[in-house]
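One file, entry_16.txt, is given below (compact mmCIF, C-alpha atoms).
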```
# COMPACT_ATOMS: atom_id res chain seq x y z
CA ARG G 825 -53.21 74.99 -41.03
CA ARG G 826 -54.84 72.44 -38.85
CA ASN G 827 -53.52 69.73 -41.04
CA LEU G 828 -50.08 71.17 -40.72
CA GLU G 829 -50.30 71.29 -36.98
CA ALA G 830 -51.66 67.75 -36.93
CA ALA G 831 -48.82 66.59 -39.17
CA VAL G 832 -46.21 68.27 -36.97
CA ALA G 833 -47.78 66.69 -33.90
CA GLU G 834 -47.77 63.30 -35.62
CA GLN G 835 -44.13 63.72 -36.56
CA ALA G 836 -43.26 64.64 -32.99
CA ARG G 837 -45.18 61.66 -31.72
CA ALA G 838 -43.48 59.38 -34.29
CA SER G 839 -40.09 60.79 -33.36
CA GLY G 840 -40.80 60.08 -29.68
CA LEU G 841 -41.87 56.55 -30.54
CA ARG G 842 -38.69 56.04 -32.57
CA GLU G 843 -36.59 57.22 -29.64
CA ARG G 844 -38.43 54.92 -27.29
CA LEU G 845 -38.03 52.02 -29.77
CA ALA G 846 -34.28 52.74 -30.06
CA ALA G 847 -33.97 52.86 -26.27
CA ALA G 848 -35.92 49.59 -25.96
CA GLU G 849 -33.71 47.93 -28.60
CA ALA G 850 -30.57 49.16 -26.81
CA GLU G 851 -31.93 47.81 -23.51
CA THR G 852 -32.76 44.48 -25.19
CA ALA G 853 -29.23 44.28 -26.63
CA ARG G 854 -27.71 45.10 -23.23
CA ARG G 855 -29.84 42.45 -21.52
CA ALA G 856 -29.02 39.90 -24.27
CA SER G 857 -25.33 40.62 -23.67
CA GLU G 858 -25.78 40.16 -19.91
CA LEU G 859 -27.72 36.93 -20.53
CA GLU G 860 -24.96 35.62 -22.80
CA ALA G 861 -22.32 36.50 -20.15
CA ALA G 862 -24.40 34.77 -17.46
CA GLN G 863 -24.80 31.66 -19.66
CA THR G 864 -21.04 31.60 -20.33
CA GLU G 865 -20.36 31.90 -16.59
CA ILE G 866 -22.84 29.07 -15.87
CA ALA G 867 -21.12 26.87 -18.49
CA ASN G 868 -17.71 27.67 -16.96
CA LEU G 869 -18.97 26.90 -13.46
CA ARG G 870 -20.45 23.58 -14.64
CA ALA G 871 -17.13 22.67 -16.28
CA THR G 872 -15.28 23.58 -13.08
CA ALA G 873 -17.73 21.53 -10.99
CA THR G 874 -17.26 18.53 -13.31
CA ARG G 875 -13.47 18.87 -13.14
CA LEU G 876 -13.57 19.13 -9.34
CA ASN G 877 -15.86 16.10 -9.08
CA ASP G 878 -13.49 14.09 -11.30
CA GLN G 879 -10.52 15.22 -9.24
CA SER G 880 -12.34 14.36 -6.01
CA SER G 881 -13.18 10.90 -7.38
CA ARG G 882 -9.52 10.32 -8.32
CA VAL G 883 -8.35 11.44 -4.89
CA GLU G 884 -10.92 9.17 -3.22
CA ARG G 885 -9.84 6.18 -5.36
CA ASP G 886 -6.18 6.89 -4.57
CA ARG G 887 -6.99 7.21 -0.87
CA ALA G 888 -8.93 3.93 -0.90
CA ALA G 889 -6.06 2.17 -2.72
CA ARG G 890 -3.57 3.58 -0.22
CA VAL G 891 -5.71 2.36 2.69
CA VAL G 892 -5.82 -1.13 1.16
CA GLN G 893 -2.03 -1.08 0.66
CA LEU G 894 -1.47 0.09 4.23
CA GLU G 895 -3.75 -2.68 5.51
CA ARG G 896 -1.73 -5.24 3.51
CA ASP G 897 1.54 -3.78 4.82
CA ASN G 898 0.15 -3.88 8.36
CA ALA G 899 -0.87 -7.53 7.98
CA SER G 900 2.57 -8.39 6.58
CA LEU G 901 4.36 -6.56 9.37
CA THR G 902 2.12 -8.20 11.96
CA ALA G 903 3.00 -11.63 10.52
CA ARG G 904 6.70 -10.75 10.49
CA LEU G 905 6.49 -9.53 14.09
CA ALA G 906 4.77 -12.75 15.15
CA THR G 907 7.49 -14.77 13.39
CA ALA G 908 10.21 -12.70 15.07
CA GLN G 909 8.56 -13.15 18.46
CA ARG G 910 8.33 -16.92 17.93
CA THR G 911 11.97 -17.00 16.88
CA LEU G 912 13.02 -15.03 19.95
CA GLN G 913 10.96 -17.34 22.17
CA GLU G 914 12.59 -20.40 20.57
CA ILE G 915 16.03 -18.87 21.07
CA ALA G 916 15.21 -18.10 24.70
CA ASN G 917 13.92 -21.66 25.21
CA ALA G 918 17.04 -23.09 23.54
CA ALA G 919 19.27 -20.92 25.70
CA VAL G 920 17.52 -22.17 28.82
CA ALA G 921 17.56 -25.79 27.64
CA ALA G 922 21.21 -25.81 26.48
CA PRO G 923 22.87 -25.49 29.92
CA ALA G 924 20.52 -28.12 31.34
CA ALA G 925 21.35 -30.52 28.49
CA ARG G 926 25.09 -29.96 28.94
CA SER G 927 24.92 -30.62 32.66
CA ALA G 928 22.81 -33.75 32.08
CA LEU G 929 25.35 -34.99 29.52
CA ALA G 930 28.24 -34.27 31.88
CA SER G 931 26.59 -36.08 34.80
CA SER G 932 25.69 -39.03 32.55
CA SER G 933 29.32 -39.27 31.36
CA ALA G 934 30.60 -39.09 34.91
CA SER G 935 28.23 -41.79 36.13
CA ALA G 936 29.11 -44.04 33.18
CA ALA G 937 32.81 -43.63 33.89
CA SER G 938 32.33 -44.32 37.58
CA ALA G 939 30.23 -47.38 36.83
CA GLY G 940 33.13 -48.79 34.87
CA ALA G 941 31.45 -48.82 31.50
CA SER G 942 33.70 -50.01 28.74
CA LEU G 943 34.01 -48.53 25.29
CA SER G 944 32.62 -51.67 23.70
CA THR G 945 29.29 -51.39 25.54
CA THR G 946 28.71 -47.68 24.91
CA PRO G 947 26.22 -47.16 22.14
CA GLN G 948 27.60 -45.47 19.06
CA PRO G 949 26.11 -42.04 18.42
CA THR G 950 23.58 -42.03 15.64
CA ALA G 951 23.26 -39.35 13.01
CA PRO G 952 20.64 -36.82 14.00
CA ALA G 953 17.38 -37.01 12.10
CA PRO G 954 17.27 -34.45 9.30
CA ARG G 955 15.50 -31.25 10.26
CA PHE G 956 13.41 -29.18 7.92
CA HIS G 957 12.17 -25.62 8.06
CA VAL G 958 9.20 -24.21 6.15
CA VAL G 959 10.00 -20.67 5.05
CA ALA G 960 7.61 -18.05 6.46
CA GLU G 961 7.01 -14.46 5.35
CA GLY G 962 9.99 -12.35 6.43
CA ASP G 963 12.39 -15.30 6.92
CA SER G 964 16.02 -15.00 5.87
CA LEU G 965 18.86 -17.53 6.03
CA SER G 966 20.38 -15.55 8.91
CA ARG G 967 17.14 -15.70 10.89
CA ILE G 968 16.78 -19.42 10.22
CA SER G 969 20.41 -19.92 11.29
CA LEU G 970 19.72 -17.95 14.46
CA ARG G 971 16.66 -20.05 15.16
CA TYR G 972 18.33 -23.46 14.76
CA TYR G 973 21.95 -22.74 15.71
CA GLY G 974 21.63 -19.78 18.07
CA THR G 975 23.74 -17.61 15.75
CA GLY G 976 22.99 -15.88 12.49
CA THR G 977 26.48 -16.53 11.09
CA ARG G 978 25.88 -20.15 10.01
CA TRP G 979 23.49 -19.21 7.20
CA GLN G 980 26.00 -20.43 4.58
CA GLU G 981 25.63 -24.01 5.84
CA ILE G 982 21.89 -23.85 5.28
CA TYR G 983 22.45 -22.27 1.86
CA GLU G 984 24.95 -24.98 0.83
CA ALA G 985 22.59 -27.76 2.02
CA ASN G 986 19.76 -26.31 -0.10
CA ARG G 987 21.73 -24.85 -3.01
CA GLU G 988 19.84 -26.95 -5.60
CA GLN G 989 16.52 -25.26 -4.76
CA LEU G 990 17.78 -21.73 -4.04
CA SER G 991 18.76 -19.37 -6.84
CA GLY G 992 20.53 -17.09 -4.35
CA ALA G 993 21.01 -16.48 -0.65
CA ASN G 994 18.14 -13.99 -0.60
CA ALA G 995 15.76 -16.00 -2.81
CA LEU G 996 13.54 -17.54 -0.14
CA ILE G 997 9.92 -18.22 -1.04
CA PRO G 998 7.29 -18.50 1.71
CA GLY G 999 6.14 -22.13 1.94
CA GLN G 1000 9.46 -23.48 0.65
CA GLN G 1001 10.93 -26.36 2.68
CA LEU G 1002 14.64 -26.14 3.58
CA ARG G 1003 16.82 -28.88 5.02
CA ILE G 1004 18.66 -27.80 8.16
CA PRO G 1005 22.02 -29.63 8.38
```

Write out the structure in this file as structure tokens.
Amino acid sequence: RRNLEAAVAEQARASGLRERLAAAEAETARRASELEAAQTEIANLRATATRLNDQSSRVERDRAARVVQLERDNASLTARLATAQRTLQEIANAAVAAPAARSALASSSASAASAGASLSTTPQPTAPAPRFHVVAEGDSLSRISLRYYGTGTRWQEIYEANREQLSGANALIPGQQLRIP
């Protein structure tokens, strides 16, 4: 009888151990599943971080390229503004000088006539020396015409005088030398 009681006790103890083993295996499986989910989430977060770093690098490169382009545009516009200001100053100077030159010519003609100068002693007018213009950034034939003639409408004369080196009226190249008729 003692053996029977001992056997029953052993079976009960073994059954308890089996239950505990099953519970421990279930807990291990649950924790393994949680670990796998955590590892998957870590991998996803690393992939997202890599993608965001790549995107940030692209945005930074684009921003740097845009800054460089804006600096170039700014330099070009500054040069064009300086050219326009010089042109305006030359036009203003020409406008101031033109009336003075006309009055000097008129007074010189009047004094020559009053001095009794004859046609045979008056010097013959000479052809003006050819003028040249070096094309700057932002120049156009109209601007060059405005600079030399005081009007932008005589650009065709400049074009015709330089037709052999111009492929079109808008085909000016900075540094190119144009003859001004």

Atom pair CA of Ala867 (chain G) / CA of Thr852 (chain G): separation (Å): 22.1 Å

Could you tell me how far CA of Phe956 (chain G) lies from CA of Ile1004 (chain G), in Å and to one decimal?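 Computing the Euclidean distance for CA of Phe956 (chain G) and CA of Ile1004 (chain G) yields 5.4 Å.
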
From the set G:Ser966, G:Val832, G:Arg971, G:Ile915, which residue has the shortest atom-to-atom contact distance to Tyr983 (chain G), counting only C-alpha atoms? G:Ser966

Of the listed residues G:Ala916, G:Gln1001, G:Thr977, G:Ser900, that which approaches Glu961 (chain G) most closely, counting all atoms listed in the file: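 Looking only at the distances to Glu961 (chain G), the closest residue turns out to be G:Ser900.
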
Would you mind reading off the distance between CA of Leu901 (chain G) and CA of Leu996 (chain G), one decimal, in Å? 17.2 Å

Find the residue from G:Thr975, G:Thr872, G:Ser964, G:Gln863 that sits nearest to Ala908 (chain G); use all atoms listed in the file when measuring.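 Under the stated criterion, the closest residue is G:Ser964.
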
Axis-aligned box for region 881-895 of chain G, 6 Å per side, centre and edges in Å as JSON:
```
{"center_x": -7.3, "center_y": 4.4, "center_z": -1.4, "size_x": 23.7, "size_y": 26.1, "size_z": 25.8}
```

May I have the residues within 12 Å of Leu912 (chain G) as an NGL selection string, using only C-alpha atoms and disregarding those fewer than 2 positions away in the same chain? :G and (905-910 or 914-919 or 967-968 or 970-972 or 974-975)

Counting all atoms listed in the file, the residue of G:Leu1002, G:Ile997, G:Ala856, G:Ala862 that sits nearest Ala985 (chain G):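 Going through G:Leu1002, G:Ile997, G:Ala856, G:Ala862 one by one, the smallest distance to Ala985 (chain G) is for G:Leu1002.
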
Which one of G:Ile982, G:Val920, G:Ala888, G:Ala903 sits closest to Ala960 (chain G) if you count all atoms listed in the file?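 Result for the nearest residue to Ala960 (chain G): G:Ala903.
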
Nearest to Arg1003 (chain G), restricted to all atoms listed in the file and choosing among G:Tyr973, G:His957, G:Arg870, G:Asp897, comes out as G:His957

Long-range neighbours of Val959 (chain G) as a list of chain:residue names, 6 Å cut-off, only C-alpha atoms, 4 positions minimum in chain: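 The filter keeps G:Pro998, G:Gly999, G:Gln1000.
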